[in-house]
Amino acid sequence: MFPDWSAAAFVNRQLMGMVKAYGGVFRQASNLMLTGVLLPVERLMQAIPPWAFLLLVAALSWHATRKPVATVLYVVCLYLIGAVGLWDKLIQTFALVLVSTLVSIVLGVPIGIIAARSRLLRRVLTPVLDVMQTLPSFVYLIPVLMLFGLGKVPALFATIIYAVPPLIRLTILGLRQVDPDVMEAAQAFGVTRWQMLTRVTLPLARPSIMAGINQTTMMALAMVVVASMIGARGLGEDVLAGIQTLDVGRGLQAGVAIVILAIVIDRITQAYGQPRRRRRAPQQEKL
């Protein structure tokens with residue numbers, strides 16, 4: 001009744017040919033990324049004493065939110081993660097999320113800036129971003145695994161593919177929503193294109209871009225358990241082990257730790273996305 005138009009065999013042949021031809025290059029790139037970026041960041045964060053890390057979180061939370069109760073609550077919740085023996089895995093997870101978020105920012109913000117100026121690029125990007133956001137993560141894990149093997153690097157690439165689209169979209173949205181009258185006024189003062197971007201449009205689009213960074217970070221955290229299936233260690237590893245061994249306590253404990261980390265990162269990044277006046281308002285009301 002139906003013709004046989006399956007493309008599975010063709011895709012497999014093409015991918016296998018790519019692996020045979022360029023597999024060594026991809027593995028070298030994987031080793032370079034692992035030894036040059038991921039492991040140094042993870043070792044640096046593991047070298048920080050837990051008390052210093054908690055103080056840093058408290059300082060960031062206070063600077064962002066100006067809420068003492070919330071700051072104490074975040075620090076206590078992170079302390080409880082260490083108290084149940086998951087501090088090292090928390091740091092491993094946070095290192096992966098941090099690197100993937102930073103790479104997503106380096107890729108997403110410039111692409112969003114260029115796409116905000118180019119209608120053609122936006123039309124090309126829209127279906128690509130739709131596919132990146134809706135395609136099940138397990139589907140693109142297959143070629144990533146074949147090209148890079150098991151470990152942290154394929155988990156990093158899979159996380160970036162999943163997490164970068166919201167940042168690109170919200171960067172485009174924020175820049176396109178800048179008031180044209182403000183831009184015309186800036187042009188009347190003779191600003192250059194670079195000055196227009198760095199001093200006018202980017203500052204005005206900052207809340208939208210920060211919302212994109214927030215969403216990217218949350219989506220990177222959502223990939224923690226999936227990343228553990230391909231060799232990334234951390235809290236997701238305990239969740240996966242709990243599923244495999246029906247160890248409810250272990251899985252639930254690691255899952256709650258992921259939730260706590262997500263809440264802390266979400267609240268701090270959301271606060272930094274708000275205008276400074278709004279952040280200072282609670283403290284001024286007390287005065």
# chains A, B, ... in the order shown; residues from 1 in each chain; ligands from 1
>>> residues_around(residues="region 60-77 of chain A", least_positions_apart="2", cutoff="7 Å", atoms="only C-alpha atoms", output="list in words")
Leu54, Leu56, Val57, Ala58, Tyr79, Leu80, Ile81, Ile260, Val264, Ile268, Ala271, Tyr272, Arg279 and Gln283 of chain A
>>> write_last_selection(atoms="all heavy atoms", output="CSV table (one decimal), in the first residue's frame")
chain,number,residue,atom,x,y,z
A,54,LEU,N,30.1,28.1,49.2
A,54,LEU,CA,28.9,28.6,49.8
A,54,LEU,C,28.9,30.1,50.0
A,54,LEU,O,27.9,30.7,49.8
A,54,LEU,CB,28.6,27.8,51.1
A,54,LEU,CG,28.4,26.3,51.0
A,54,LEU,CD1,28.3,25.7,52.3
A,54,LEU,CD2,27.1,26.1,50.2
A,56,LEU,N,30.6,32.2,48.2
A,56,LEU,CA,30.4,32.8,46.9
A,56,LEU,C,29.0,32.8,46.4
A,56,LEU,O,28.5,33.8,45.9
A,56,LEU,CB,31.3,32.0,45.9
A,56,LEU,CG,31.3,32.5,44.4
A,56,LEU,CD1,31.8,33.9,44.3
A,56,LEU,CD2,32.1,31.6,43.5
A,57,VAL,N,28.3,31.7,46.7
A,57,VAL,CA,26.8,31.7,46.3
A,57,VAL,C,26.1,32.7,47.1
A,57,VAL,O,25.2,33.4,46.6
A,57,VAL,CB,26.3,30.2,46.6
A,57,VAL,CG1,24.8,30.2,46.4
A,57,VAL,CG2,26.9,29.2,45.6
A,58,ALA,N,26.4,32.8,48.4
A,58,ALA,CA,25.7,33.8,49.3
A,58,ALA,C,26.0,35.2,48.7
A,58,ALA,O,25.1,36.1,48.7
A,58,ALA,CB,26.2,33.7,50.7
A,79,TYR,N,24.1,23.4,51.4
A,79,TYR,CA,24.8,22.7,52.5
A,79,TYR,C,24.2,21.3,52.7
A,79,TYR,O,25.0,20.4,53.0
A,79,TYR,CB,24.8,23.6,53.7
A,79,TYR,CG,25.4,22.9,54.9
A,79,TYR,CD1,26.8,23.0,55.1
A,79,TYR,CD2,24.7,22.2,55.9
A,79,TYR,CE1,27.4,22.5,56.2
A,79,TYR,CE2,25.3,21.6,56.9
A,79,TYR,CZ,26.7,21.7,57.1
A,79,TYR,OH,27.3,21.2,58.2
A,80,LEU,N,22.9,21.2,52.6
A,80,LEU,CA,22.3,19.9,52.8
A,80,LEU,C,22.7,18.9,51.8
A,80,LEU,O,22.8,17.7,52.0
A,80,LEU,CB,20.7,20.1,52.8
A,80,LEU,CG,20.2,20.9,54.0
A,80,LEU,CD1,18.7,21.1,53.9
A,80,LEU,CD2,20.5,20.1,55.3
A,81,ILE,N,22.9,19.4,50.5
A,81,ILE,CA,23.4,18.5,49.5
A,81,ILE,C,24.7,17.9,49.9
A,81,ILE,O,25.0,16.7,49.7
A,81,ILE,CB,23.5,19.2,48.1
A,81,ILE,CG1,22.1,19.7,47.7
A,81,ILE,CG2,24.2,18.3,47.1
A,81,ILE,CD1,22.2,20.5,46.4
A,260,ILE,N,17.3,21.5,43.7
A,260,ILE,CA,17.9,22.6,44.5
A,260,ILE,C,18.8,23.4,43.7
A,260,ILE,O,18.8,24.7,43.7
A,260,ILE,CB,18.6,22.0,45.8
A,260,ILE,CG1,17.5,21.5,46.8
A,260,ILE,CG2,19.4,23.1,46.5
A,260,ILE,CD1,18.1,20.7,47.9
A,264,VAL,N,18.4,27.5,42.8
A,264,VAL,CA,19.3,28.5,43.1
A,264,VAL,C,19.8,29.2,41.9
A,264,VAL,O,19.9,30.5,41.8
A,264,VAL,CB,20.5,27.8,43.8
A,264,VAL,CG1,21.7,28.8,44.0
A,264,VAL,CG2,20.1,27.3,45.2
A,268,ILE,N,18.9,33.3,40.9
A,268,ILE,CA,20.0,34.3,40.8
A,268,ILE,C,20.0,34.9,39.4
A,268,ILE,O,20.2,36.1,39.2
A,268,ILE,CB,21.4,33.6,41.2
A,268,ILE,CG1,21.4,33.3,42.7
A,268,ILE,CG2,22.5,34.5,40.8
A,268,ILE,CD1,22.6,32.5,43.1
A,271,ALA,N,17.2,37.2,38.8
A,271,ALA,CA,17.4,38.5,39.5
A,271,ALA,C,18.3,39.4,38.7
A,271,ALA,O,18.1,40.6,38.6
A,271,ALA,CB,17.9,38.3,40.9
A,272,TYR,N,19.4,38.8,38.2
A,272,TYR,CA,20.3,39.6,37.4
A,272,TYR,C,19.7,40.1,36.1
A,272,TYR,O,20.1,41.1,35.5
A,272,TYR,CB,21.6,38.8,37.1
A,272,TYR,CG,22.6,38.9,38.1
A,272,TYR,CD1,23.0,37.8,38.8
A,272,TYR,CD2,23.2,40.1,38.5
A,272,TYR,CE1,23.9,37.8,39.8
A,272,TYR,CE2,24.1,40.2,39.5
A,272,TYR,CZ,24.5,39.1,40.2
A,272,TYR,OH,25.4,39.2,41.2
A,279,ARG,N,15.8,45.7,41.5
A,279,ARG,CA,16.6,44.9,42.5
A,279,ARG,C,16.8,45.7,43.8
A,279,ARG,O,16.9,45.1,44.9
A,279,ARG,CB,17.9,44.4,41.9
A,279,ARG,CG,17.8,43.3,41.0
A,279,ARG,CD,19.1,42.7,40.7
A,279,ARG,NE,19.8,43.4,39.6
A,279,ARG,CZ,21.1,43.5,39.5
A,279,ARG,NH1,21.9,42.9,40.4
A,279,ARG,NH2,21.6,44.1,38.5
A,283,GLN,N,15.4,46.9,49.3
A,283,GLN,CA,16.3,47.5,50.3
A,283,GLN,C,15.9,48.9,50.5
A,283,GLN,O,15.9,49.4,51.7
A,283,GLN,CB,17.7,47.4,49.8
A,283,GLN,CG,18.7,47.7,50.9
A,283,GLN,CD,20.2,47.5,50.4
A,283,GLN,OE1,20.4,47.4,49.2
A,283,GLN,NE2,21.1,47.5,51.3
>>> residues_around(residues="region 203-205 of chain A", least_positions_apart="2", cutoff="9 Å", atoms="only C-alpha atoms", output="compact mmCIF listing (two decimals) with N, CA and C atoms, in the first residue's frame")
# COMPACT_ATOMS: atom_id res chain seq x y z
N THR A 171 17.41 36.45 22.36
CA THR A 171 18.31 37.53 21.95
C THR A 171 17.73 38.26 20.74
N LEU A 173 14.56 38.37 19.89
CA LEU A 173 13.35 39.05 20.35
C LEU A 173 13.69 40.34 21.08
N GLY A 174 14.67 40.28 21.99
CA GLY A 174 15.03 41.47 22.76
C GLY A 174 15.55 42.58 21.88
N LEU A 175 16.39 42.25 20.91
CA LEU A 175 16.97 43.28 20.04
C LEU A 175 15.92 43.87 19.10
N ARG A 176 14.99 43.06 18.65
CA ARG A 176 13.96 43.56 17.73
C ARG A 176 12.88 44.37 18.45
N GLN A 177 12.81 44.23 19.76
CA GLN A 177 11.81 44.99 20.53
C GLN A 177 12.36 46.33 21.05
N VAL A 178 13.60 46.64 20.73
CA VAL A 178 14.15 47.93 21.14
C VAL A 178 13.38 49.05 20.43
N ASP A 179 13.04 50.07 21.17
CA ASP A 179 12.24 51.17 20.62
C ASP A 179 12.98 51.86 19.47
N LEU A 197 25.25 49.19 19.14
CA LEU A 197 25.03 47.84 19.66
C LEU A 197 25.37 47.75 21.14
N THR A 198 26.56 48.24 21.52
CA THR A 198 27.05 48.03 22.88
C THR A 198 26.46 49.00 23.91
N ARG A 199 26.05 50.19 23.46
CA ARG A 199 25.58 51.20 24.42
C ARG A 199 24.08 51.46 24.37
N VAL A 200 23.43 50.98 23.32
CA VAL A 200 21.99 51.26 23.20
C VAL A 200 21.18 49.97 23.16
N THR A 201 21.37 49.18 22.08
CA THR A 201 20.46 48.05 21.87
C THR A 201 20.70 46.91 22.85
N PRO A 207 17.22 42.46 29.63
CA PRO A 207 16.28 41.56 30.32
C PRO A 207 15.92 40.34 29.50
N SER A 208 15.70 40.52 28.20
CA SER A 208 15.35 39.39 27.34
C SER A 208 16.53 38.44 27.18
N ILE A 209 17.75 38.99 27.02
CA ILE A 209 18.93 38.14 26.87
C ILE A 209 19.19 37.36 28.15
N MET A 210 19.03 38.01 29.30
CA MET A 210 19.22 37.31 30.58
C MET A 210 18.16 36.23 30.77
>>> residues_around(residues="region 112-129 of chain A", least_positions_apart="6", cutoff="6 Å", atoms="only C-alpha atoms", output="VMD selection string")
chain A and resid 165 168 171 to 172
>>> write_last_selection(atoms="N, CA and C atoms", output="PDB file, in the first residue's frame")
ATOM      1  N   PRO A 165      19.019  26.988  21.679  1.00  0.00           N
ATOM      2  CA  PRO A 165      17.942  27.663  20.938  1.00  0.00           C
ATOM      3  C   PRO A 165      17.196  28.754  21.707  1.00  0.00           C
ATOM      4  N   ILE A 168      19.178  32.027  21.569  1.00  0.00           N
ATOM      5  CA  ILE A 168      19.157  32.671  20.249  1.00  0.00           C
ATOM      6  C   ILE A 168      17.814  33.359  20.025  1.00  0.00           C
ATOM      7  N   THR A 171      17.414  36.446  22.358  1.00  0.00           N
ATOM      8  CA  THR A 171      18.311  37.529  21.945  1.00  0.00           C
ATOM      9  C   THR A 171      17.728  38.264  20.741  1.00  0.00           C
ATOM     10  N   ILE A 172      17.244  37.508  19.760  1.00  0.00           N
ATOM     11  CA  ILE A 172      16.601  38.124  18.597  1.00  0.00           C
ATOM     12  C   ILE A 172      15.388  38.941  19.022  1.00  0.00           C
TER      13      ILE A 172
END
>>> closest_atom_pairs(of="region 68-179 of chain A", to="region 26-45 of chain A", cutoff="10 Å", atoms="only C-alpha atoms", output="JSON lines")
{"residue": "A:Asp88", "atom": "CA", "partner": "A:Met45", "partner_atom": "CA", "distance": 9.7}
{"residue": "A:Ile91", "atom": "CA", "partner": "A:Met45", "partner_atom": "CA", "distance": 6.7}
{"residue": "A:Gln92", "atom": "CA", "partner": "A:Glu42", "partner_atom": "CA", "distance": 6.3}
{"residue": "A:Thr93", "atom": "CA", "partner": "A:Glu42", "partner_atom": "CA", "distance": 9.1}
{"residue": "A:Phe94", "atom": "CA", "partner": "A:Glu42", "partner_atom": "CA", "distance": 8.6}
{"residue": "A:Ala95", "atom": "CA", "partner": "A:Glu42", "partner_atom": "CA", "distance": 5.4}
{"residue": "A:Leu96", "atom": "CA", "partner": "A:Leu38", "partner_atom": "CA", "distance": 7.2}
{"residue": "A:Leu98", "atom": "CA", "partner": "A:Val41", "partner_atom": "CA", "distance": 8.9}
{"residue": "A:Val99", "atom": "CA", "partner": "A:Leu38", "partner_atom": "CA", "distance": 7.0}
{"residue": "A:Ser100", "atom": "CA", "partner": "A:Leu38", "partner_atom": "CA", "distance": 9.4}
{"residue": "A:Val144", "atom": "CA", "partner": "A:Phe26", "partner_atom": "CA", "distance": 9.8}
{"residue": "A:Met146", "atom": "CA", "partner": "A:Phe26", "partner_atom": "CA", "distance": 9.7}
{"residue": "A:Leu147", "atom": "CA", "partner": "A:Phe26", "partner_atom": "CA", "distance": 6.0}
{"residue": "A:Phe148", "atom": "CA", "partner": "A:Arg27", "partner_atom": "CA", "distance": 5.5}
{"residue": "A:Gly149", "atom": "CA", "partner": "A:Arg27", "partner_atom": "CA", "distance": 7.6}
{"residue": "A:Gly151", "atom": "CA", "partner": "A:Leu34", "partner_atom": "CA", "distance": 9.0}
{"residue": "A:Lys152", "atom": "CA", "partner": "A:Leu34", "partner_atom": "CA", "distance": 7.2}
{"residue": "A:Val153", "atom": "CA", "partner": "A:Ser30", "partner_atom": "CA", "distance": 5.9}
{"residue": "A:Pro154", "atom": "CA", "partner": "A:Ser30", "partner_atom": "CA", "distance": 7.9}
{"residue": "A:Leu156", "atom": "CA", "partner": "A:Leu38", "partner_atom": "CA", "distance": 8.9}
{"residue": "A:Phe157", "atom": "CA", "partner": "A:Ser30", "partner_atom": "CA", "distance": 9.9}
>>> write_last_selection(atoms="C-alpha atoms", output="compact mmCIF listing (two decimals), in the first residue's frame")
# COMPACT_ATOMS: atom_id res chain seq x y z
CA ASP A 88 31.49 16.12 44.67
CA ILE A 91 30.36 20.13 41.58
CA GLN A 92 30.71 17.76 38.59
CA THR A 93 27.18 18.56 37.47
CA PHE A 94 27.64 22.29 38.01
CA ALA A 95 30.91 22.26 36.03
CA LEU A 96 29.20 20.61 33.05
CA LEU A 98 28.60 26.00 33.59
CA VAL A 99 30.75 25.06 30.58
CA SER A 100 27.75 24.22 28.40
CA VAL A 144 27.21 12.35 18.70
CA MET A 146 29.41 7.60 17.02
CA LEU A 147 31.57 10.66 16.32
CA PHE A 148 32.90 11.44 19.81
CA GLY A 149 32.45 8.23 21.80
CA GLY A 151 32.22 10.58 28.04
CA LYS A 152 31.80 14.19 29.06
CA VAL A 153 32.42 15.77 25.65
CA PRO A 154 29.46 14.16 23.81
CA LEU A 156 28.54 18.64 26.52
CA PHE A 157 27.69 18.80 22.80
>>> select_by_dssp(residues="region 10-252 of chain A", states="alpha helix (DSSP H)", output="number ranges by chain")
A: 10-33, 39-47, 50-65, 68-83, 87-117, 119-134, 137-148, 152-176, 180-188, 193-195, 202-222, 224-228, 235-245, 248-252
>>> atom_distance(atom1="CA of Ala9 (chain A)", atom2="CA of Val131 (chain A)")
21.3 Å
>>> atom_distance(atom1="CA of Gly242 (chain A)", atom2="CA of Ser137 (chain A)")
20.9 Å
>>> closest_residue(among="A:Ala254, A:Leu170, A:Ala47, A:Met18", to="Gly234 (chain A)", atoms="only C-alpha atoms")
A:Ala254
>>> residues_around(residues="Ser104 (chain A)", least_positions_apart="5", cutoff="8 Å", atoms="only C-alpha atoms", output="list in words")
Ile160, Ala163, Val164, Leu167 and Thr216 of chain A
>>> residues_around(residues="Pro136 (chain A)", least_positions_apart="2", cutoff="12 Å", atoms="only C-alpha atoms", output="PyMOL selection string")
chain A and resi 130-134+138-142+158+161-162+223+226
>>> atom_distance(atom1="CA of Gln270 (chain A)", atom2="CA of Ile258 (chain A)")
17.8 Å
>>> decode(residues="region 129-142 of chain A", atoms="N, CA, C and O atoms", output="tab-separated table (two decimals), in the first residue's frame")
chain	number	residue	atom	x	y	z
A	129	LEU	N	16.08	25.89	14.61
A	129	LEU	CA	15.87	25.97	16.06
A	129	LEU	C	14.68	25.14	16.49
A	129	LEU	O	14.69	24.53	17.58
A	130	ASP	N	13.64	25.10	15.65
A	130	ASP	CA	12.48	24.26	15.96
A	130	ASP	C	12.88	22.79	16.07
A	130	ASP	O	12.46	22.09	16.99
A	131	VAL	N	13.71	22.34	15.13
A	131	VAL	CA	14.16	20.95	15.15
A	131	VAL	C	15.02	20.69	16.38
A	131	VAL	O	14.88	19.67	17.06
A	132	MET	N	15.94	21.61	16.69
A	132	MET	CA	16.83	21.44	17.83
A	132	MET	C	16.05	21.34	19.14
A	132	MET	O	16.43	20.61	20.06
A	133	GLN	N	14.93	22.09	19.25
A	133	GLN	CA	14.16	22.09	20.49
A	133	GLN	C	13.18	20.93	20.59
A	133	GLN	O	12.86	20.49	21.70
A	134	THR	N	12.67	20.45	19.46
A	134	THR	CA	11.62	19.43	19.51
A	134	THR	C	12.13	18.02	19.26
A	134	THR	O	11.47	17.05	19.66
A	135	LEU	N	13.28	17.89	18.59
A	135	LEU	CA	13.81	16.55	18.33
A	135	LEU	C	14.20	15.90	19.66
A	135	LEU	O	14.92	16.51	20.46
A	136	PRO	N	13.73	14.69	19.92
A	136	PRO	CA	14.11	14.02	21.18
A	136	PRO	C	15.63	13.93	21.32
A	136	PRO	O	16.33	13.61	20.35
A	137	SER	N	16.11	14.19	22.52
A	137	SER	CA	17.55	14.25	22.73
A	137	SER	C	18.24	12.92	22.43
A	137	SER	O	19.38	12.89	21.99
A	138	PHE	N	17.52	11.81	22.62
A	138	PHE	CA	18.12	10.50	22.36
A	138	PHE	C	18.43	10.30	20.86
A	138	PHE	O	19.29	9.52	20.52
A	139	VAL	N	17.73	11.05	20.00
A	139	VAL	CA	17.94	10.89	18.57
A	139	VAL	C	19.30	11.45	18.16
A	139	VAL	O	20.07	10.81	17.45
A	140	TYR	N	19.61	12.68	18.60
A	140	TYR	CA	20.90	13.23	18.21
A	140	TYR	C	22.04	12.75	19.09
A	140	TYR	O	23.21	13.04	18.83
A	141	LEU	N	21.73	11.98	20.14
A	141	LEU	CA	22.80	11.35	20.91
A	141	LEU	C	23.50	10.25	20.09
A	141	LEU	O	24.68	9.99	20.29
A	142	ILE	N	22.75	9.64	19.17
A	142	ILE	CA	23.32	8.53	18.38
A	142	ILE	C	24.48	8.99	17.52
A	142	ILE	O	25.60	8.45	17.62
